[in-house]
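To be precise, the following lines are structure-v8.cif, and they hold mmCIF, N, CA and C atoms.
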data_run
loop_
_atom_site.label_atom_id
_atom_site.label_comp_id
_atom_site.auth_asym_id
_atom_site.auth_seq_id
_atom_site.Cartn_x
_atom_site.Cartn_y
_atom_site.Cartn_z
N MET T 1 164.40 47.38 -41.97
CA MET T 1 164.57 46.22 -41.14
C MET T 1 164.99 45.00 -41.97
N LYS T 2 164.38 44.85 -43.16
CA LYS T 2 164.74 43.74 -44.03
C LYS T 2 166.19 43.84 -44.46
N LYS T 3 166.67 45.07 -44.67
CA LYS T 3 168.06 45.27 -45.08
C LYS T 3 169.01 44.81 -43.98
N ILE T 4 168.67 45.05 -42.73
CA ILE T 4 169.53 44.63 -41.61
C ILE T 4 169.62 43.11 -41.57
N PHE T 5 168.48 42.42 -41.69
CA PHE T 5 168.49 40.96 -41.68
C PHE T 5 169.26 40.41 -42.87
N PHE T 6 169.10 41.03 -44.03
CA PHE T 6 169.82 40.61 -45.22
C PHE T 6 171.33 40.76 -45.01
N LEU T 7 171.75 41.92 -44.51
CA LEU T 7 173.17 42.18 -44.27
C LEU T 7 173.73 41.20 -43.24
N ALA T 8 172.99 40.93 -42.18
CA ALA T 8 173.44 39.96 -41.17
C ALA T 8 173.59 38.58 -41.80
N GLY T 9 172.66 38.20 -42.65
CA GLY T 9 172.74 36.91 -43.34
C GLY T 9 173.95 36.82 -44.25
N VAL T 10 174.24 37.90 -44.96
CA VAL T 10 175.42 37.93 -45.84
C VAL T 10 176.70 37.79 -45.02
N LEU T 11 176.80 38.51 -43.91
CA LEU T 11 178.00 38.42 -43.07
C LEU T 11 178.17 37.02 -42.49
N LEU T 12 177.10 36.40 -42.05
CA LEU T 12 177.19 35.03 -41.53
C LEU T 12 177.62 34.06 -42.62
N THR T 13 177.13 34.25 -43.83
CA THR T 13 177.52 33.39 -44.95
C THR T 13 179.00 33.56 -45.26
N ILE T 14 179.48 34.80 -45.29
CA ILE T 14 180.90 35.06 -45.56
C ILE T 14 181.77 34.41 -44.49
N ASN T 15 181.41 34.56 -43.22
CA ASN T 15 182.18 33.95 -42.14
C ASN T 15 182.16 32.44 -42.25
N GLY T 16 181.02 31.85 -42.61
CA GLY T 16 180.92 30.41 -42.78
C GLY T 16 181.81 29.91 -43.91
N ILE T 17 181.86 30.67 -45.01
CA ILE T 17 182.72 30.30 -46.13
C ILE T 17 184.19 30.35 -45.70
N ALA T 18 184.58 31.38 -44.97
CA ALA T 18 185.96 31.50 -44.51
C ALA T 18 186.32 30.33 -43.60
N GLN T 19 185.43 29.98 -42.66
CA GLN T 19 185.68 28.88 -41.74
C GLN T 19 185.80 27.58 -42.53
N ALA T 20 184.99 27.40 -43.55
CA ALA T 20 185.04 26.19 -44.37
C ALA T 20 186.36 26.09 -45.13
N GLN T 21 186.99 27.22 -45.45
CA GLN T 21 188.27 27.19 -46.15
C GLN T 21 189.37 26.55 -45.30
N LEU T 22 189.29 26.69 -43.99
CA LEU T 22 190.31 26.13 -43.11
C LEU T 22 189.94 24.76 -42.56
N ASP T 23 188.66 24.44 -42.53
CA ASP T 23 188.19 23.17 -41.98
C ASP T 23 188.87 21.99 -42.68
N GLN T 24 189.41 21.07 -41.86
CA GLN T 24 190.06 19.85 -42.35
C GLN T 24 191.33 20.14 -43.17
N THR T 25 192.06 21.19 -42.78
CA THR T 25 193.34 21.47 -43.45
C THR T 25 194.48 21.34 -42.44
N LYS T 26 195.67 21.06 -42.97
CA LYS T 26 196.86 20.89 -42.15
C LYS T 26 197.97 21.74 -42.78
N TRP T 27 198.71 22.47 -41.92
CA TRP T 27 199.72 23.41 -42.37
C TRP T 27 201.01 23.20 -41.60
N LYS T 28 202.14 23.30 -42.28
CA LYS T 28 203.45 23.16 -41.64
C LYS T 28 204.19 24.48 -41.75
N GLY T 29 204.81 24.89 -40.63
CA GLY T 29 205.59 26.11 -40.61
C GLY T 29 206.50 26.14 -39.40
N ARG T 30 206.93 27.32 -39.03
CA ARG T 30 207.83 27.50 -37.90
C ARG T 30 207.09 28.24 -36.79
N ILE T 31 207.29 27.78 -35.54
CA ILE T 31 206.72 28.44 -34.37
C ILE T 31 207.79 28.52 -33.28
N LEU T 32 207.60 29.43 -32.35
CA LEU T 32 208.53 29.61 -31.23
C LEU T 32 207.90 29.00 -29.98
N VAL T 33 208.49 27.88 -29.50
CA VAL T 33 207.89 27.16 -28.37
C VAL T 33 208.87 26.72 -27.29
N PRO T 34 209.69 27.44 -26.64
CA PRO T 34 209.99 28.84 -26.88
C PRO T 34 211.03 29.03 -27.98
N ASP T 35 211.81 27.97 -28.29
CA ASP T 35 212.77 28.09 -29.39
C ASP T 35 212.07 27.77 -30.71
N GLU T 36 212.63 28.25 -31.79
CA GLU T 36 212.01 28.02 -33.09
C GLU T 36 212.05 26.54 -33.44
N ALA T 37 210.91 26.03 -33.90
CA ALA T 37 210.79 24.61 -34.24
C ALA T 37 209.73 24.45 -35.34
N ASP T 38 209.74 23.26 -35.95
CA ASP T 38 208.68 22.94 -36.90
C ASP T 38 207.37 22.83 -36.14
N GLY T 39 206.32 23.36 -36.72
CA GLY T 39 205.00 23.27 -36.12
C GLY T 39 203.96 22.95 -37.16
N TRP T 40 202.91 22.28 -36.74
CA TRP T 40 201.81 21.93 -37.61
C TRP T 40 200.52 22.49 -37.03
N LEU T 41 199.73 23.13 -37.87
CA LEU T 41 198.41 23.61 -37.50
C LEU T 41 197.40 22.69 -38.17
N VAL T 42 196.54 22.09 -37.37
CA VAL T 42 195.53 21.18 -37.90
C VAL T 42 194.16 21.77 -37.55
N PHE T 43 193.48 22.28 -38.58
CA PHE T 43 192.17 22.89 -38.39
C PHE T 43 191.09 21.84 -38.59
N LYS T 44 190.17 21.82 -37.65
CA LYS T 44 188.97 20.99 -37.77
C LYS T 44 187.79 21.94 -37.86
N LYS T 45 186.58 21.45 -37.67
CA LYS T 45 185.41 22.30 -37.86
C LYS T 45 185.48 23.58 -37.04
N ASP T 46 185.76 23.47 -35.76
CA ASP T 46 185.83 24.66 -34.90
C ASP T 46 186.98 24.58 -33.90
N THR T 47 187.92 23.67 -34.12
CA THR T 47 189.10 23.57 -33.26
C THR T 47 190.37 23.61 -34.09
N LEU T 48 191.41 24.06 -33.44
CA LEU T 48 192.74 24.11 -34.03
C LEU T 48 193.67 23.36 -33.10
N GLU T 49 194.36 22.36 -33.64
CA GLU T 49 195.37 21.62 -32.88
C GLU T 49 196.74 22.06 -33.37
N VAL T 50 197.65 22.33 -32.43
CA VAL T 50 199.00 22.73 -32.76
C VAL T 50 199.94 21.62 -32.32
N PHE T 51 200.71 21.09 -33.27
CA PHE T 51 201.65 20.03 -33.00
C PHE T 51 203.07 20.55 -33.21
N VAL T 52 204.04 19.96 -32.51
CA VAL T 52 205.45 20.27 -32.71
C VAL T 52 206.21 18.98 -32.93
N SER T 53 207.52 19.12 -33.10
CA SER T 53 208.42 17.99 -33.31
C SER T 53 208.18 17.44 -34.70
N ASN T 54 207.87 16.16 -34.83
CA ASN T 54 207.65 15.59 -36.15
C ASN T 54 206.16 15.51 -36.49
N GLY T 55 205.38 16.33 -35.82
CA GLY T 55 203.95 16.39 -36.09
C GLY T 55 203.12 15.45 -35.25
N ASN T 56 203.75 14.79 -34.27
CA ASN T 56 202.97 13.87 -33.45
C ASN T 56 202.92 14.26 -31.98
N SER T 57 203.47 15.40 -31.61
CA SER T 57 203.45 15.86 -30.23
C SER T 57 202.48 17.04 -30.11
N LEU T 58 201.30 16.77 -29.54
CA LEU T 58 200.27 17.80 -29.43
C LEU T 58 200.66 18.83 -28.37
N LEU T 59 200.76 20.07 -28.79
CA LEU T 59 201.12 21.17 -27.90
C LEU T 59 199.87 21.84 -27.32
N GLU T 60 198.88 22.08 -28.16
CA GLU T 60 197.73 22.88 -27.74
C GLU T 60 196.51 22.55 -28.59
N THR T 61 195.34 22.61 -27.97
CA THR T 61 194.07 22.53 -28.68
C THR T 61 193.31 23.80 -28.35
N MET T 62 192.84 24.48 -29.40
CA MET T 62 192.14 25.75 -29.21
C MET T 62 190.85 25.77 -30.01
N ALA T 63 189.87 26.47 -29.49
CA ALA T 63 188.67 26.78 -30.26
C ALA T 63 189.03 27.96 -31.16
N TYR T 64 188.50 27.96 -32.37
CA TYR T 64 188.74 29.11 -33.24
C TYR T 64 187.46 29.54 -33.92
N THR T 65 187.41 30.82 -34.20
CA THR T 65 186.36 31.40 -35.03
C THR T 65 187.00 32.38 -35.99
N LEU T 66 186.36 32.56 -37.10
CA LEU T 66 186.84 33.50 -38.11
C LEU T 66 185.79 34.58 -38.31
N VAL T 67 186.25 35.81 -38.31
CA VAL T 67 185.41 36.95 -38.66
C VAL T 67 186.19 37.73 -39.70
N ARG T 68 185.76 37.56 -40.95
CA ARG T 68 186.46 38.13 -42.10
C ARG T 68 187.93 37.73 -42.08
N ASP T 69 188.86 38.66 -41.90
CA ASP T 69 190.29 38.33 -41.93
C ASP T 69 190.87 38.18 -40.53
N THR T 70 190.02 38.00 -39.53
CA THR T 70 190.48 37.86 -38.14
C THR T 70 190.21 36.45 -37.63
N LEU T 71 191.25 35.81 -37.15
CA LEU T 71 191.19 34.49 -36.54
C LEU T 71 191.23 34.70 -35.03
N MET T 72 190.21 34.20 -34.33
CA MET T 72 190.16 34.35 -32.88
C MET T 72 190.39 32.98 -32.25
N LEU T 73 191.31 32.93 -31.28
CA LEU T 73 191.72 31.68 -30.64
C LEU T 73 191.44 31.72 -29.15
N LYS T 74 191.05 30.56 -28.61
CA LYS T 74 190.83 30.43 -27.17
C LYS T 74 191.23 29.01 -26.77
N LYS T 75 192.08 28.89 -25.77
CA LYS T 75 192.63 27.61 -25.34
C LYS T 75 191.54 26.68 -24.81
N ILE T 76 191.62 25.41 -25.23
CA ILE T 76 190.78 24.35 -24.67
C ILE T 76 191.64 23.52 -23.73
N SER T 77 192.82 23.11 -24.22
CA SER T 77 193.75 22.33 -23.41
C SER T 77 195.14 22.45 -24.01
N GLY T 78 196.14 22.09 -23.21
CA GLY T 78 197.49 22.11 -23.75
C GLY T 78 198.55 22.45 -22.74
N LYS T 79 199.77 22.58 -23.25
CA LYS T 79 200.96 22.74 -22.41
C LYS T 79 201.37 24.19 -22.17
N SER T 80 200.74 25.13 -22.84
CA SER T 80 201.14 26.53 -22.68
C SER T 80 200.65 27.08 -21.36
N SER T 81 201.18 28.24 -21.01
CA SER T 81 200.77 28.91 -19.77
C SER T 81 199.50 29.75 -19.96
N CYS T 82 198.90 29.69 -21.13
CA CYS T 82 197.70 30.49 -21.41
C CYS T 82 196.53 30.06 -20.53
N GLU T 83 195.81 31.05 -20.02
CA GLU T 83 194.58 30.79 -19.28
C GLU T 83 193.49 30.41 -20.29
N ALA T 84 192.55 29.60 -19.86
CA ALA T 84 191.46 29.19 -20.75
C ALA T 84 190.62 30.38 -21.21
N SER T 85 190.57 31.43 -20.41
CA SER T 85 189.78 32.60 -20.76
C SER T 85 190.51 33.57 -21.69
N ALA T 86 191.80 33.34 -21.93
CA ALA T 86 192.60 34.25 -22.76
C ALA T 86 192.19 34.13 -24.23
N VAL T 87 191.86 35.24 -24.83
CA VAL T 87 191.46 35.29 -26.23
C VAL T 87 192.57 35.95 -27.05
N GLY T 88 192.88 35.35 -28.17
CA GLY T 88 193.86 35.92 -29.09
C GLY T 88 193.22 36.28 -30.40
N LYS T 89 193.62 37.42 -30.96
CA LYS T 89 193.12 37.87 -32.26
C LYS T 89 194.30 37.96 -33.22
N TYR T 90 194.13 37.33 -34.38
CA TYR T 90 195.19 37.25 -35.37
C TYR T 90 194.63 37.54 -36.75
N LYS T 91 195.42 38.22 -37.55
CA LYS T 91 195.04 38.42 -38.94
C LYS T 91 195.50 37.17 -39.69
N TRP T 92 194.64 36.65 -40.54
CA TRP T 92 195.03 35.50 -41.34
C TRP T 92 194.81 35.81 -42.81
N ALA T 93 195.70 35.27 -43.63
CA ALA T 93 195.60 35.44 -45.07
C ALA T 93 196.05 34.15 -45.73
N MET T 94 195.22 33.66 -46.64
CA MET T 94 195.54 32.43 -47.34
C MET T 94 195.71 32.74 -48.81
N ASN T 95 196.82 32.27 -49.37
CA ASN T 95 197.12 32.49 -50.77
C ASN T 95 197.60 31.17 -51.34
N ALA T 96 196.78 30.52 -52.15
CA ALA T 96 197.09 29.20 -52.72
C ALA T 96 197.39 28.23 -51.57
N ASP T 97 198.61 27.77 -51.47
CA ASP T 97 198.98 26.79 -50.44
C ASP T 97 199.76 27.41 -49.30
N ASN T 98 199.60 28.71 -49.08
CA ASN T 98 200.28 29.41 -47.99
C ASN T 98 199.27 30.06 -47.06
N LEU T 99 199.55 29.98 -45.76
CA LEU T 99 198.71 30.60 -44.74
C LEU T 99 199.61 31.45 -43.86
N LEU T 100 199.33 32.74 -43.80
CA LEU T 100 200.09 33.64 -42.94
C LEU T 100 199.21 34.07 -41.78
N VAL T 101 199.72 33.87 -40.56
CA VAL T 101 199.01 34.23 -39.33
C VAL T 101 199.83 35.32 -38.64
N THR T 102 199.24 36.49 -38.45
CA THR T 102 199.93 37.64 -37.87
C THR T 102 199.22 38.10 -36.61
N PRO T 103 199.91 38.15 -35.47
CA PRO T 103 199.26 38.58 -34.23
C PRO T 103 198.72 40.01 -34.31
N ILE T 104 197.52 40.18 -33.78
CA ILE T 104 196.93 41.51 -33.60
C ILE T 104 196.97 41.85 -32.12
N SER T 105 196.39 40.97 -31.31
CA SER T 105 196.41 41.12 -29.85
C SER T 105 196.14 39.75 -29.23
N ASP T 106 196.60 39.57 -28.01
CA ASP T 106 196.36 38.30 -27.33
C ASP T 106 196.51 38.51 -25.84
N ASP T 107 195.56 37.98 -25.08
CA ASP T 107 195.64 38.05 -23.62
C ASP T 107 196.74 37.13 -23.10
N CYS T 108 197.21 36.19 -23.92
CA CYS T 108 198.28 35.28 -23.54
C CYS T 108 199.57 35.65 -24.27
N GLU T 109 200.53 36.15 -23.53
CA GLU T 109 201.78 36.60 -24.12
C GLU T 109 202.55 35.47 -24.80
N ALA T 110 202.53 34.27 -24.20
CA ALA T 110 203.27 33.14 -24.77
C ALA T 110 202.73 32.78 -26.16
N ARG T 111 201.42 32.77 -26.32
CA ARG T 111 200.83 32.46 -27.63
C ARG T 111 201.12 33.58 -28.62
N TYR T 112 201.03 34.82 -28.16
CA TYR T 112 201.30 35.97 -29.02
C TYR T 112 202.72 35.90 -29.59
N LYS T 113 203.68 35.50 -28.76
CA LYS T 113 205.09 35.46 -29.18
C LYS T 113 205.46 34.21 -29.96
N ALA T 114 204.56 33.24 -30.06
CA ALA T 114 204.89 31.96 -30.70
C ALA T 114 204.91 32.03 -32.23
N TRP T 115 204.33 33.07 -32.80
CA TRP T 115 204.18 33.12 -34.25
C TRP T 115 205.41 33.73 -34.93
N VAL T 116 205.90 33.07 -35.95
CA VAL T 116 207.02 33.54 -36.76
C VAL T 116 206.43 34.19 -38.01
N ASN T 117 206.99 35.28 -38.44
CA ASN T 117 206.46 36.00 -39.60
C ASN T 117 206.84 35.30 -40.91
N GLN T 118 206.42 34.05 -41.02
CA GLN T 118 206.62 33.25 -42.23
C GLN T 118 205.34 32.47 -42.47
N PRO T 119 205.00 32.24 -43.73
CA PRO T 119 203.77 31.50 -43.98
C PRO T 119 203.90 30.02 -43.66
N PHE T 120 202.77 29.42 -43.28
CA PHE T 120 202.66 27.97 -43.15
C PHE T 120 202.30 27.44 -44.54
N VAL T 121 202.76 26.24 -44.85
CA VAL T 121 202.51 25.62 -46.15
C VAL T 121 201.52 24.48 -45.98
N ARG T 122 200.50 24.46 -46.84
CA ARG T 122 199.46 23.42 -46.76
C ARG T 122 200.10 22.04 -46.96
N GLN T 123 199.70 21.10 -46.11
CA GLN T 123 200.15 19.72 -46.20
C GLN T 123 198.99 18.89 -46.73
N LYS T 124 199.25 18.16 -47.77
CA LYS T 124 198.20 17.33 -48.36
C LYS T 124 198.51 15.87 -48.05
N ASP T 125 197.63 15.27 -47.26
CA ASP T 125 197.85 13.86 -46.87
C ASP T 125 197.16 12.93 -47.82
#
Could the structure of this file be written out as structure tokens, please?
Amino acid sequence: MKKIFFLAGVLLTINGIAQAQLDQTKWKGRILVPDEADGWLVFKKDTLEVFVSNGNSLLETMAYTLVRDTLMLKKISGKSSCEASAVGKYKWAMNADNLLVTPISDDCEARYKAWVNQPFVRQKD
């Protein structure tokens, strides 16, 4: 029983560390909305804001959670056709100043199709 609690604690710590890696970061890359455009991902403690244009036009606000290498997204508000209950699962990988987000599955087709297979680059303000 102690081993189960220990393992659960380790997993929660790992997930917390991963979430902290993205907290308060900003990334620039390309997204399809529906045409390819510059996009910015702004991660906060537990929300992700997606901006387009010159970084000042808010497209979407989503709640996010990280479980190991999986980023889970759920719409809070925004301009997409995604239902608030639609959950998206994405593989994420961060390497130095690059963030690659790869769709795994998503209940919202528009969000699933928005990702370009190119890394986002960390923006330091």
Please, which residues of chain T, numbered as in this document, come out helix (DSSP H, G or I) from DSSP, as a ChimeraX atom specification?
-> /T:2-22,109-113
Starting from the PyMOL selection byres ((chain T and resi 91) around 8), expand the selection into actual residues of this file and give them as a JSON list (two decimals) with N, CA and C atoms, in the coordinates of the input.
[["chain", "number", "residue", "atom", "x", "y", "z"],
["T", 68, "ARG", "N", 185.76, 37.56, -40.95],
["T", 68, "ARG", "CA", 186.46, 38.13, -42.10],
["T", 68, "ARG", "C", 187.93, 37.73, -42.08],
["T", 69, "ASP", "N", 188.86, 38.66, -41.90],
["T", 69, "ASP", "CA", 190.29, 38.33, -41.93],
["T", 69, "ASP", "C", 190.87, 38.18, -40.53],
["T", 70, "THR", "N", 190.02, 38.00, -39.53],
["T", 70, "THR", "CA", 190.48, 37.86, -38.14],
["T", 70, "THR", "C", 190.21, 36.45, -37.63],
["T", 71, "LEU", "N", 191.25, 35.81, -37.15],
["T", 71, "LEU", "CA", 191.19, 34.49, -36.54],
["T", 71, "LEU", "C", 191.23, 34.70, -35.03],
["T", 72, "MET", "N", 190.21, 34.20, -34.33],
["T", 72, "MET", "CA", 190.16, 34.35, -32.88],
["T", 72, "MET", "C", 190.39, 32.98, -32.25],
["T", 88, "GLY", "N", 192.88, 35.35, -28.17],
["T", 88, "GLY", "CA", 193.86, 35.92, -29.09],
["T", 88, "GLY", "C", 193.22, 36.28, -30.40],
["T", 89, "LYS", "N", 193.62, 37.42, -30.96],
["T", 89, "LYS", "CA", 193.12, 37.87, -32.26],
["T", 89, "LYS", "C", 194.30, 37.96, -33.22],
["T", 90, "TYR", "N", 194.13, 37.33, -34.38],
["T", 90, "TYR", "CA", 195.19, 37.25, -35.37],
["T", 90, "TYR", "C", 194.63, 37.54, -36.75],
["T", 92, "TRP", "N", 194.64, 36.65, -40.54],
["T", 92, "TRP", "CA", 195.03, 35.50, -41.34],
["T", 92, "TRP", "C", 194.81, 35.81, -42.81],
["T", 93, "ALA", "N", 195.70, 35.27, -43.63],
["T", 93, "ALA", "CA", 195.60, 35.44, -45.07],
["T", 93, "ALA", "C", 196.05, 34.15, -45.73],
["T", 94, "MET", "N", 195.22, 33.66, -46.64],
["T", 94, "MET", "CA", 195.54, 32.43, -47.34],
["T", 94, "MET", "C", 195.71, 32.74, -48.81],
["T", 100, "LEU", "N", 199.33, 32.74, -43.80],
["T", 100, "LEU", "CA", 200.09, 33.64, -42.94],
["T", 100, "LEU", "C", 199.21, 34.07, -41.78],
["T", 101, "VAL", "N", 199.72, 33.87, -40.56],
["T", 101, "VAL", "CA", 199.01, 34.23, -39.33],
["T", 101, "VAL", "C", 199.83, 35.32, -38.64],
["T", 102, "THR", "N", 199.24, 36.49, -38.45],
["T", 102, "THR", "CA", 199.93, 37.64, -37.87],
["T", 102, "THR", "C", 199.22, 38.10, -36.61],
["T", 103, "PRO", "N", 199.91, 38.15, -35.47],
["T", 103, "PRO", "CA", 199.26, 38.58, -34.23],
["T", 103, "PRO", "C", 198.72, 40.01, -34.31],
["T", 104, "ILE", "N", 197.52, 40.18, -33.78],
["T", 104, "ILE", "CA", 196.93, 41.51, -33.60],
["T", 104, "ILE", "C", 196.97, 41.85, -32.12],
["T", 105, "SER", "N", 196.39, 40.97, -31.31],
["T", 105, "SER", "CA", 196.41, 41.12, -29.85],
["T", 105, "SER", "C", 196.14, 39.75, -29.23]]
Name the residues that the PyMOL selection byres ((chain T and resi 46) around 8) pulls out of this structure, and write them as an MDAnalysis selection string.
-> chainID T and resid 19 23:24 43:45 47:49 62:65
Evaluate the PyMOL selection byres (((chain T and resi 111 and name CA) around 12) and name CA) and report residues as number ranges by chain | T: 31-34, 50, 59-60, 62, 73-75, 78-83, 86-90, 101-110, 112-116
Could you write out, as a count of residues only, all the residues of range 17-121 of chain T that DSSP marks as strand (DSSP E)?
-> 62
Nearest residue to Trp40 in chain T from the set T:Val67, T:Ala96, T:Leu22, T:Val52 (distances using only N, CA and C atoms) | T:Val52
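Between atom C of Gly39 in chain T and atom N of Gln21 in chain T the interatomic distance comes to 19.4 Å.
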As a check of understanding: the span from CA of Asp35 in chain T to CA of Thr61 in chain T is 19.5 Å
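Atom to atom, atom C of Ala37 in chain T and atom C of Thr25 in chain T stand 17.1 Å apart.
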